file run_30.cif (mmCIF, C-alpha atoms)
data_run
#
loop_
_atom_site.label_atom_id
_atom_site.label_comp_id
_atom_site.auth_asym_id
_atom_site.auth_seq_id
_atom_site.Cartn_x
_atom_site.Cartn_y
_atom_site.Cartn_z
CA MET A 1 -13.54 -15.60 16.17
CA SER A 2 -11.22 -15.84 13.16
CA VAL A 3 -7.63 -14.66 13.40
CA ALA A 4 -5.80 -12.33 11.01
CA ILE A 5 -2.09 -11.48 11.11
CA VAL A 6 -0.68 -8.25 9.68
CA ALA A 7 3.03 -8.11 8.91
CA GLY A 8 4.12 -4.48 9.07
CA ALA A 9 1.18 -3.53 11.28
CA ASN A 10 2.88 -0.37 12.55
CA GLY A 11 3.07 1.13 9.05
CA ALA A 12 0.48 3.57 7.76
CA ILE A 13 -1.42 1.03 5.65
CA GLY A 14 -0.90 -1.61 8.32
CA ARG A 15 -2.55 0.51 10.99
CA HIS A 16 -5.62 1.15 8.83
CA LEU A 17 -5.66 -2.53 7.95
CA VAL A 18 -5.73 -3.58 11.61
CA ALA A 19 -8.72 -1.31 12.23
CA GLU A 20 -10.51 -2.67 9.13
CA LEU A 21 -9.87 -6.31 10.07
CA ARG A 22 -11.14 -5.75 13.59
CA ALA A 23 -14.25 -4.03 12.23
CA ALA A 24 -14.79 -7.11 10.04
CA GLY A 25 -14.82 -9.29 13.16
CA HIS A 26 -11.28 -10.68 13.23
CA GLN A 27 -8.89 -10.95 16.13
CA VAL A 28 -5.71 -9.31 14.88
CA GLY A 29 -2.08 -10.05 15.63
CA GLY A 30 0.60 -7.72 14.36
CA LEU A 31 4.31 -8.07 13.88
CA GLY A 32 7.08 -5.67 12.97
CA HIS A 33 9.78 -3.49 14.41
CA GLY A 34 9.33 -1.23 17.39
CA PRO A 35 7.32 -1.30 20.61
CA ASN A 36 3.58 -1.75 20.86
CA ALA A 37 2.31 1.60 19.58
CA TRP A 38 -1.35 0.59 19.78
CA GLU A 39 -2.06 1.40 23.39
CA GLY A 40 -4.71 4.08 23.64
CA GLU A 41 -5.89 3.52 20.07
CA THR A 42 -8.06 0.90 18.45
CA PRO A 43 -6.37 -1.98 20.22
CA ILE A 44 -4.54 -4.75 18.44
CA ASP A 45 -5.14 -8.13 20.06
CA PHE A 46 -1.48 -9.11 20.18
CA TRP A 47 1.74 -7.39 19.12
CA ALA A 48 4.92 -9.36 18.34
CA PRO A 49 7.88 -6.98 18.06
CA GLY A 50 10.89 -8.04 16.02
CA GLU A 51 11.74 -9.52 12.67
CA ILE A 52 9.15 -10.75 10.21
CA ASP A 53 9.93 -14.42 10.65
CA SER A 54 8.53 -17.73 11.82
CA ALA A 55 9.35 -17.06 15.48
CA SER A 56 7.18 -13.93 15.53
CA LEU A 57 4.39 -15.67 13.65
CA GLU A 58 4.43 -18.62 16.05
CA LEU A 59 4.29 -16.23 18.98
CA ILE A 60 1.06 -14.76 17.61
CA THR A 61 -0.61 -18.06 16.82
CA ARG A 62 0.25 -19.48 20.24
CA ARG A 63 -1.58 -16.53 21.79
CA LEU A 64 -4.52 -16.11 19.39
CA GLY A 65 -4.84 -19.47 17.65
CA PRO A 66 -4.39 -20.56 14.02
CA ALA A 67 -4.44 -17.75 11.49
CA ASP A 68 -7.14 -17.60 8.84
CA ILE A 69 -5.54 -14.64 7.02
CA LEU A 70 -1.98 -13.31 6.74
CA VAL A 71 -1.54 -9.91 5.09
CA ASN A 72 1.93 -8.73 4.16
CA ALA A 73 1.84 -4.95 4.59
CA ALA A 74 5.60 -4.78 5.16
CA GLY A 75 8.31 -4.16 2.59
CA GLY A 76 10.01 -1.29 0.83
CA ALA A 77 7.88 1.79 0.33
CA SER A 78 10.01 4.31 -1.57
CA VAL A 79 11.15 4.40 -5.19
CA PRO A 80 13.99 6.89 -4.50
CA ARG A 81 15.20 4.85 -1.53
CA SER A 82 15.27 1.70 -3.67
CA PHE A 83 17.83 3.44 -5.90
CA SER A 84 20.00 4.63 -3.00
CA ALA A 85 19.79 1.38 -0.99
CA PRO A 86 18.67 -1.42 -3.34
CA GLU A 87 19.93 -4.30 -1.21
CA ALA A 88 18.01 -3.05 1.82
CA ASP A 89 14.87 -2.64 -0.31
CA PHE A 90 15.32 -6.22 -1.56
CA ARG A 91 15.54 -7.55 1.98
CA ARG A 92 12.51 -5.59 3.16
CA THR A 93 10.37 -6.67 0.22
CA VAL A 94 11.55 -9.95 -1.25
CA SER A 95 13.28 -11.69 1.66
CA SER A 96 10.49 -10.88 4.11
CA THR A 97 7.87 -12.21 1.67
CA VAL A 98 9.76 -15.48 1.26
CA ARG A 99 9.98 -15.90 5.05
CA LEU A 100 6.21 -15.46 5.33
CA LEU A 101 5.56 -17.92 2.51
CA GLU A 102 7.89 -20.49 4.04
CA TRP A 103 6.05 -20.25 7.35
CA LEU A 104 2.76 -20.78 5.54
CA ARG A 105 4.18 -23.84 3.77
CA SER A 106 5.68 -25.45 6.85
CA ALA A 107 3.39 -24.38 9.68
CA SER A 108 0.08 -22.91 8.47
CA PRO A 109 -1.00 -24.26 5.06
CA ALA A 110 -4.67 -23.39 5.56
CA THR A 111 -3.98 -19.66 5.99
CA ARG A 112 -4.92 -17.36 3.11
CA PHE A 113 -2.13 -14.97 2.09
CA VAL A 114 -2.63 -11.40 0.83
CA CYS A 115 0.47 -10.11 -0.94
CA LEU A 116 0.54 -6.32 -1.01
CA SER A 117 2.21 -5.29 -4.27
CA SER A 118 2.39 -2.09 -6.31
CA ALA A 119 1.43 -0.58 -9.64
CA ALA A 120 5.17 0.02 -10.03
CA VAL A 121 5.41 -3.50 -11.50
CA TYR A 122 3.60 -2.22 -14.62
CA GLY A 123 6.27 0.34 -15.46
CA THR A 124 5.93 2.76 -18.34
CA GLY A 125 4.18 2.93 -21.73
CA HIS A 126 0.52 2.65 -20.64
CA ALA A 127 -1.80 5.21 -22.24
CA GLU A 128 -5.00 3.46 -21.13
CA PRO A 129 -6.08 2.07 -17.74
CA ILE A 130 -3.86 -0.93 -17.04
CA PRO A 131 -5.48 -4.38 -16.74
CA GLU A 132 -4.03 -6.94 -14.36
CA ASP A 133 -2.83 -9.14 -17.25
CA ALA A 134 -0.60 -6.41 -18.71
CA ALA A 135 3.01 -7.53 -19.07
CA PRO A 136 5.10 -6.27 -16.12
CA GLN A 137 7.93 -3.92 -17.08
CA PRO A 138 9.16 -2.20 -13.90
CA VAL A 139 11.62 0.68 -14.21
CA SER A 140 12.91 0.92 -10.62
CA PRO A 141 14.45 -1.47 -8.07
CA TYR A 142 11.29 -0.91 -6.02
CA GLY A 143 9.12 -2.18 -8.89
CA PHE A 144 11.43 -5.11 -9.64
CA HIS A 145 11.42 -6.16 -6.00
CA LYS A 146 7.62 -6.03 -5.81
CA LEU A 147 7.49 -8.21 -8.91
CA MET A 148 9.96 -10.66 -7.35
CA ALA A 149 7.74 -10.89 -4.26
CA GLU A 150 4.79 -11.66 -6.54
CA GLN A 151 6.79 -14.35 -8.35
CA ALA A 152 7.80 -15.95 -5.05
CA THR A 153 4.14 -15.99 -4.02
CA ARG A 154 3.19 -17.77 -7.26
CA SER A 155 6.01 -20.27 -6.79
CA TRP A 156 4.90 -21.21 -3.26
CA ALA A 157 1.30 -21.46 -4.50
CA ARG A 158 2.11 -23.69 -7.45
CA ASN A 159 4.64 -25.90 -5.70
CA PHE A 160 3.31 -26.03 -2.15
CA GLY A 161 -0.39 -25.20 -2.36
CA VAL A 162 -0.29 -21.81 -0.64
CA ARG A 163 -3.56 -19.93 -1.26
CA ALA A 164 -2.84 -16.32 -2.12
CA VAL A 165 -4.04 -13.14 -3.78
CA ILE A 166 -1.90 -10.25 -5.06
CA VAL A 167 -3.18 -6.68 -4.68
CA ARG A 168 -1.33 -4.05 -6.70
CA LEU A 169 -1.96 -0.74 -4.99
CA PHE A 170 -1.71 2.45 -7.01
CA SER A 171 -1.10 5.89 -5.38
CA VAL A 172 -2.34 5.52 -1.82
CA TYR A 173 -2.82 8.70 0.22
CA GLY A 174 -4.55 9.65 3.45
CA PRO A 175 -4.20 10.00 7.23
CA GLY A 176 -1.08 8.55 8.77
CA LEU A 177 0.83 8.26 5.49
CA ARG A 178 3.91 10.41 6.03
CA LYS A 179 5.56 10.23 2.62
CA GLN A 180 4.96 10.92 -1.06
CA LEU A 181 3.37 13.87 -2.82
CA VAL A 182 0.20 14.58 -0.84
CA TYR A 183 2.00 14.53 2.52
CA GLU A 184 4.79 16.69 1.11
CA LEU A 185 2.26 19.24 -0.14
CA LEU A 186 0.44 19.28 3.20
CA GLN A 187 3.66 20.08 5.01
CA LYS A 188 4.73 22.80 2.61
CA LEU A 189 1.39 24.51 2.11
CA ALA A 190 0.71 24.66 5.85
CA VAL A 191 3.35 27.39 6.16
CA GLY A 192 1.87 29.45 3.31
CA PRO A 193 4.81 29.79 0.90
CA PRO A 194 4.44 32.32 -1.95
CA ARG A 195 5.91 29.76 -4.36
CA LEU A 196 6.13 25.98 -4.35
CA ASP A 197 8.83 24.23 -6.39
CA LEU A 198 8.19 20.58 -7.22
CA ALA A 199 10.10 17.94 -9.16
CA GLY A 200 8.81 16.53 -12.42
CA THR A 201 6.64 17.98 -15.16
CA GLY A 202 3.34 18.13 -13.25
CA GLU A 203 1.68 16.11 -16.00
CA GLU A 204 2.44 12.76 -14.38
CA ALA A 205 -0.93 11.04 -14.01
CA ARG A 206 -1.70 8.82 -11.05
CA ASP A 207 -4.64 6.81 -9.75
CA TRP A 208 -5.23 8.10 -6.20
CA LEU A 209 -6.68 5.65 -3.66
CA TRP A 210 -7.78 6.73 -0.16
CA ILE A 211 -5.87 4.74 2.47
CA ALA A 212 -8.97 3.39 4.27
CA ASP A 213 -10.31 2.13 0.93
CA ALA A 214 -6.96 0.40 0.33
CA ALA A 215 -7.21 -1.31 3.73
CA ARG A 216 -10.79 -2.40 3.06
CA LEU A 217 -9.75 -3.86 -0.30
CA LEU A 218 -6.90 -5.83 1.27
CA THR A 219 -9.35 -7.20 3.84
CA GLU A 220 -12.01 -8.16 1.33
CA THR A 221 -9.71 -9.75 -1.25
CA ALA A 222 -8.56 -12.39 1.25
CA ALA A 223 -11.79 -14.20 0.35
CA VAL A 224 -10.58 -14.80 -3.24
CA ALA A 225 -7.13 -16.13 -2.31
CA SER A 226 -6.42 -19.42 -4.06
CA GLU A 227 -3.64 -21.53 -5.52
CA ALA A 228 -4.32 -19.74 -8.83
CA VAL A 229 -3.12 -16.47 -7.16
CA PRO A 230 -5.51 -13.92 -8.69
CA VAL A 231 -4.19 -10.37 -9.16
CA VAL A 232 -6.35 -7.34 -8.30
CA ASN A 233 -5.62 -3.68 -8.96
CA GLY A 234 -6.07 -1.39 -5.97
CA CYS A 235 -7.24 1.70 -7.79
CA THR A 236 -10.15 3.94 -8.78
CA GLY A 237 -9.74 3.84 -12.56
CA ILE A 238 -9.44 7.64 -12.66
CA GLY A 239 -6.18 9.39 -13.48
CA ARG A 240 -5.40 12.85 -12.14
CA SER A 241 -2.19 14.74 -12.71
CA VAL A 242 0.22 15.87 -10.03
CA ALA A 243 -0.49 19.45 -11.12
CA ASP A 244 -4.23 18.90 -10.54
CA VAL A 245 -3.59 17.55 -7.03
CA ALA A 246 -1.35 20.49 -6.18
CA ALA A 247 -3.94 22.98 -7.48
CA LEU A 248 -6.74 21.35 -5.46
CA MET A 249 -4.68 21.53 -2.29
CA VAL A 250 -3.58 25.12 -2.86
CA ARG A 251 -7.22 26.08 -3.29
CA GLY A 252 -8.23 24.07 -0.22
CA PHE A 253 -5.75 26.00 1.92
CA GLY A 254 -7.08 29.28 0.51
CA ARG A 255 -3.61 30.18 -0.70
CA ASP A 256 -2.44 32.01 -3.80
CA THR A 257 0.75 29.93 -3.85
CA GLU A 258 2.37 29.65 -7.27
CA VAL A 259 3.28 26.06 -8.12
CA ARG A 260 6.26 25.45 -10.38
CA PHE A 261 7.69 22.19 -11.71
CA ASP A 262 11.31 21.75 -12.73
CA GLY A 263 10.25 19.92 -15.92
CA ALA A 264 12.67 17.02 -15.46
CA PRO A 265 11.14 13.51 -15.44
CA ARG A 266 12.04 11.78 -12.19
CA THR A 267 14.13 8.60 -12.24
CA GLY A 268 11.99 5.49 -11.98
CA ASP A 269 8.77 7.51 -12.21
CA PRO A 270 6.48 6.45 -15.11
CA PRO A 271 4.52 9.32 -16.70
CA ARG A 272 1.16 7.55 -16.28
CA LEU A 273 -0.06 4.85 -13.89
CA VAL A 274 -3.84 4.41 -13.93
CA GLY A 275 -5.50 1.07 -13.29
CA SER A 276 -8.40 -0.80 -14.82
CA VAL A 277 -11.24 -1.45 -12.38
CA ALA A 278 -12.87 -4.30 -14.33
CA ARG A 279 -11.74 -6.95 -11.87
CA LEU A 280 -12.67 -4.80 -8.89
CA ARG A 281 -16.18 -4.56 -10.29
CA GLU A 282 -16.29 -8.34 -10.64
CA ILE A 283 -15.59 -8.83 -6.94
CA GLY A 284 -18.01 -6.05 -5.98
CA PHE A 285 -15.53 -3.48 -4.66
CA ARG A 286 -15.90 0.28 -5.10
CA PRO A 287 -13.85 2.99 -3.40
CA ARG A 288 -15.90 5.15 -1.04
CA VAL A 289 -13.78 8.32 -0.98
CA GLY A 290 -13.00 10.27 -4.14
CA LEU A 291 -9.92 12.43 -4.61
CA GLU A 292 -11.60 15.79 -3.98
CA GLU A 293 -13.24 14.55 -0.78
CA GLY A 294 -10.06 12.90 0.45
CA LEU A 295 -7.90 15.96 -0.16
CA ASP A 296 -10.52 18.16 1.47
CA ARG A 297 -10.44 15.98 4.60
CA LEU A 298 -6.65 16.19 4.79
CA VAL A 299 -6.52 19.93 4.20
CA ARG A 300 -9.24 20.59 6.79
CA ALA A 301 -7.33 18.52 9.35
CA ALA A 302 -4.11 20.36 8.58
CA ARG A 303 -5.78 23.76 8.82
CA SER A 304 -7.44 22.88 12.11
CA ALA A 305 -3.99 22.10 13.51
CA GLU A 306 -2.63 25.52 12.54
CA PRO A 307 -1.81 27.83 15.48
#
call {"tool": "encode", "arguments": {"input": "run_30.cif", "output": "structure tokens"}}
result
Amino acid sequence: MSVAIVAGANGAIGRHLVAELRAAGHQVGGLGHGPNAWEGETPIDFWAPGEIDSASLELITRRLGPADILVNAAGGASVPRSFSAPEADFRRTVSSTVRLLEWLRSASPATRFVCLSSAAVYGTGHAEPIPEDAAPQPVSPYGFHKLMAEQATRSWARNFGVRAVIVRLFSVYGPGLRKQLVYELLQKLAVGPPRLDLAGTGEEARDWLWIADAARLLTETAAVASEAVPVVNGCTGIGRSVADVAALMVRGFGRDTEVRFDGAPRTGDPPRLVGSVARLREIGFRPRVGLEEGLDRLVRAARSAEP
């Protein structure tokens, strides 16, 4: 049985990724901070608590055997936090990626590497769906750090033969993800406020990708990893505004909540980030859960938990 390693396996995307990799027939080793939180759930085959470094990776491969796939699902995950603590965001994203790449170079050159990046590298000024060859122009430390991690991946591929693929995820949402707009709306609407005040204009358009679809894409793209380091958008190709998402969720809760936006563009937040799906079509990938269905699932789960 082939072996896959997930760095950041205790994160929201990491946990879905572990389940997806196991369903695809892999033994899975995870590493990251904290105790083994997998007991009682879909079990991980081996958990290595601690830093994302060569010692943790060697611990996994000694137990499970050589790794066929290494997915980096660790790193910074918040644009606002990258402004308030840029050095910490750099360490979580760039330094951890370099440590993984160095382990691949020195200890596991046959392993395929999946670098989880972000649409934030594209930045602003995109009226049409963004192709993977668009010039990066990030507008936040978070976006710059994701781009640096990509550049490190290309360097290790070109100079040391590491086989890799870069997946730029757009706006991921779904079960287990306890951050960003959809989670914030779930928490606020569950208490039935008469009015909901949100930052921004409401017209910001995003490409919303269900978290299980994101995990499946990360699993499947490992097959195209190479020294050429292909880049793949993790998206649906469909842009929906923040105001549309809020309205769908208000309706799903059966509320008459008034939604207001403060009208001020948020720092580091491009007005439109929607991806081209041309390359996804080439590799045969299609998302299975659309926005309406995904939001309906989340709202139903939240309403069922109401007292």
call {"tool": "resolve_selection", "arguments": {"input": "run_30.cif", "expression": "the PyMOL selection byres ((chain A and resi 281) around 12)", "output": "PDB file with C-alpha atoms, keeping the file's coordinate frame"}}
result
ATOM      1  CA  LEU A 217      -9.750  -3.860  -0.300  1.00  0.00           C
ATOM      2  CA  VAL A 232      -6.350  -7.340  -8.300  1.00  0.00           C
ATOM      3  CA  ASN A 233      -5.620  -3.680  -8.960  1.00  0.00           C
ATOM      4  CA  GLY A 234      -6.070  -1.390  -5.970  1.00  0.00           C
ATOM      5  CA  CYS A 235      -7.240   1.700  -7.790  1.00  0.00           C
ATOM      6  CA  THR A 236     -10.150   3.940  -8.780  1.00  0.00           C
ATOM      7  CA  GLY A 237      -9.740   3.840 -12.560  1.00  0.00           C
ATOM      8  CA  SER A 276      -8.400  -0.800 -14.820  1.00  0.00           C
ATOM      9  CA  VAL A 277     -11.240  -1.450 -12.380  1.00  0.00           C
ATOM     10  CA  ALA A 278     -12.870  -4.300 -14.330  1.00  0.00           C
ATOM     11  CA  ARG A 279     -11.740  -6.950 -11.870  1.00  0.00           C
ATOM     12  CA  LEU A 280     -12.670  -4.800  -8.890  1.00  0.00           C
ATOM     13  CA  GLU A 282     -16.290  -8.340 -10.640  1.00  0.00           C
ATOM     14  CA  ILE A 283     -15.590  -8.830  -6.940  1.00  0.00           C
ATOM     15  CA  GLY A 284     -18.010  -6.050  -5.980  1.00  0.00           C
ATOM     16  CA  PHE A 285     -15.530  -3.480  -4.660  1.00  0.00           C
ATOM     17  CA  ARG A 286     -15.900   0.280  -5.100  1.00  0.00           C
ATOM     18  CA  PRO A 287     -13.850   2.990  -3.400  1.00  0.00           C
TER      19      PRO A 287
END
call {"tool": "closest_residue", "arguments": {"input": "run_30.cif", "among": "A:Glu51, A:Asp68, A:Asp256, A:Glu20", "to": "Ala212 of chain A", "atoms": "all atoms listed in the file"}}
result
A:Glu20
call {"tool": "residues_around", "arguments": {"input": "run_30.cif", "residues": "segment 92-106 of chain A", "least_positions_apart": "6", "cutoff": "7 Å", "atoms": "all atoms listed in the file", "output": "ChimeraX atom specification"}}
result
/A:52-54,75-76,145-146,148-149,152-153,156,160,162
call {"tool": "resolve_selection", "arguments": {"input": "run_30.cif", "expression": "the PyMOL selection byres ((chain A and resi 299) around 9)", "output": "ChimeraX atom specification"}}
result
/A:186,190,249,252-253,294-298,300-304
call {"tool": "atom_distance", "arguments": {"input": "run_30.cif", "atom1": "atom CA of Ala222 of chain A", "atom2": "atom CA of Phe113 of chain A"}}
result
7.0 Å
call {"tool": "closest_residue", "arguments": {"input": "run_30.cif", "among": "A:Lys188, A:Ser56, A:Ile69, A:Leu273", "to": "His126 of chain A", "atoms": "only C-alpha atoms"}}
result
A:Leu273
call {"tool": "atom_distance", "arguments": {"input": "run_30.cif", "atom1": "atom CA of Ala24 of chain A", "atom2": "atom CA of Leu218 of chain A"}}
result
11.9 Å
call {"tool": "residues_around", "arguments": {"input": "run_30.cif", "residues": "Gly143 of chain A", "least_positions_apart": "6", "cutoff": "10 Å", "atoms": "only C-alpha atoms", "output": "list of chain:residue names"}}
result
A:Gly76, A:Ser78, A:Val79, A:Ser82, A:Ser117, A:Ser118, A:Ala119, A:Ala120, A:Val121, A:Tyr122, A:Gly123, A:Pro136, A:Gln137, A:Ala149, A:Gly268
call {"tool": "resolve_selection", "arguments": {"input": "run_30.cif", "expression": "the PyMOL selection byres ((chain A and resi 33) around 9)", "output": "list of chain:residue names"}}
result
A:Gly8, A:Asn10, A:Leu31, A:Gly32, A:Gly34, A:Pro35, A:Ala48, A:Pro49, A:Gly50, A:Glu51, A:Ile52
call {"tool": "write_last_selection", "arguments": {"input": "run_30.cif", "atoms": "C-alpha atoms", "output": "mmCIF file, in the coordinates of the input"}}
result
data_model
loop_
_atom_site.group_PDB
_atom_site.id
_atom_site.type_symbol
_atom_site.label_atom_id
_atom_site.label_comp_id
_atom_site.auth_asym_id
_atom_site.auth_seq_id
_atom_site.Cartn_x
_atom_site.Cartn_y
_atom_site.Cartn_z
ATOM 1 C CA GLY A 8 4.120 -4.480 9.070
ATOM 2 C CA ASN A 10 2.880 -0.370 12.550
ATOM 3 C CA LEU A 31 4.310 -8.070 13.880
ATOM 4 C CA GLY A 32 7.080 -5.670 12.970
ATOM 5 C CA GLY A 34 9.330 -1.230 17.390
ATOM 6 C CA PRO A 35 7.320 -1.300 20.610
ATOM 7 C CA ALA A 48 4.920 -9.360 18.340
ATOM 8 C CA PRO A 49 7.880 -6.980 18.060
ATOM 9 C CA GLY A 50 10.890 -8.040 16.020
ATOM 10 C CA GLU A 51 11.740 -9.520 12.670
ATOM 11 C CA ILE A 52 9.150 -10.750 10.210
#
call {"tool": "residues_around", "arguments": {"input": "run_30.cif", "residues": "Asp197 of chain A", "least_positions_apart": "4", "cutoff": "9 Å", "atoms": "all atoms listed in the file", "output": "list in words"}}
result
Glu258, Val259, Arg260, Phe261 and Asp262 of chain A
call {"tool": "write_last_selection", "arguments": {"input": "run_30.cif", "atoms": "C-alpha atoms", "output": "compact mmCIF listing (two decimals), in the frame of the given file"}}
result
# COMPACT_ATOMS: atom_id res chain seq x y z
CA GLU A 258 2.37 29.65 -7.27
CA VAL A 259 3.28 26.06 -8.12
CA ARG A 260 6.26 25.45 -10.38
CA PHE A 261 7.69 22.19 -11.71
CA ASP A 262 11.31 21.75 -12.73
call {"tool": "closest_residue", "arguments": {"input": "run_30.cif", "among": "A:Ala12, A:Ala4, A:Cys115, A:Ala74", "to": "Phe46 of chain A", "atoms": "all atoms listed in the file"}}
result
A:Ala4
call {"tool": "closest_residue", "arguments": {"input": "run_30.cif", "among": "A:Lys179, A:Gly174, A:Ser241, A:Val6", "to": "Glu293 of chain A", "atoms": "all atoms listed in the file"}}
result
A:Gly174
call {"tool": "atom_distance", "arguments": {"input": "run_30.cif", "atom1": "atom CA of Arg158 of chain A", "atom2": "atom CA of Thr221 of chain A"}}
result
19.3 Å
call {"tool": "residues_around", "arguments": {"input": "run_30.cif", "residues": "Gly30 of chain A", "least_positions_apart": "3", "cutoff": "6 Å", "atoms": "all atoms listed in the file", "output": "PDB file with C-alpha atoms, in the frame of the given file"}}
result
ATOM      1  CA  ILE A   5      -2.090 -11.480  11.110  1.00  0.00           C
ATOM      2  CA  VAL A   6      -0.680  -8.250   9.680  1.00  0.00           C
ATOM      3  CA  ALA A   7       3.030  -8.110   8.910  1.00  0.00           C
ATOM      4  CA  ALA A   9       1.180  -3.530  11.280  1.00  0.00           C
ATOM      5  CA  TRP A  47       1.740  -7.390  19.120  1.00  0.00           C
TER       6      TRP A  47
END
call {"tool": "residues_around", "arguments": {"input": "run_30.cif", "residues": "Ser171 of chain A", "least_positions_apart": "4", "cutoff": "7 Å", "atoms": "only C-alpha atoms", "output": "list in words"}}
result
Arg206, Asp207, Trp208 and Leu209 of chain A
call {"tool": "closest_residue", "arguments": {"input": "run_30.cif", "among": "A:Arg216, A:Arg22, A:Arg255, A:Arg272", "to": "Gly192 of chain A", "atoms": "all atoms listed in the file"}}
result
A:Arg255
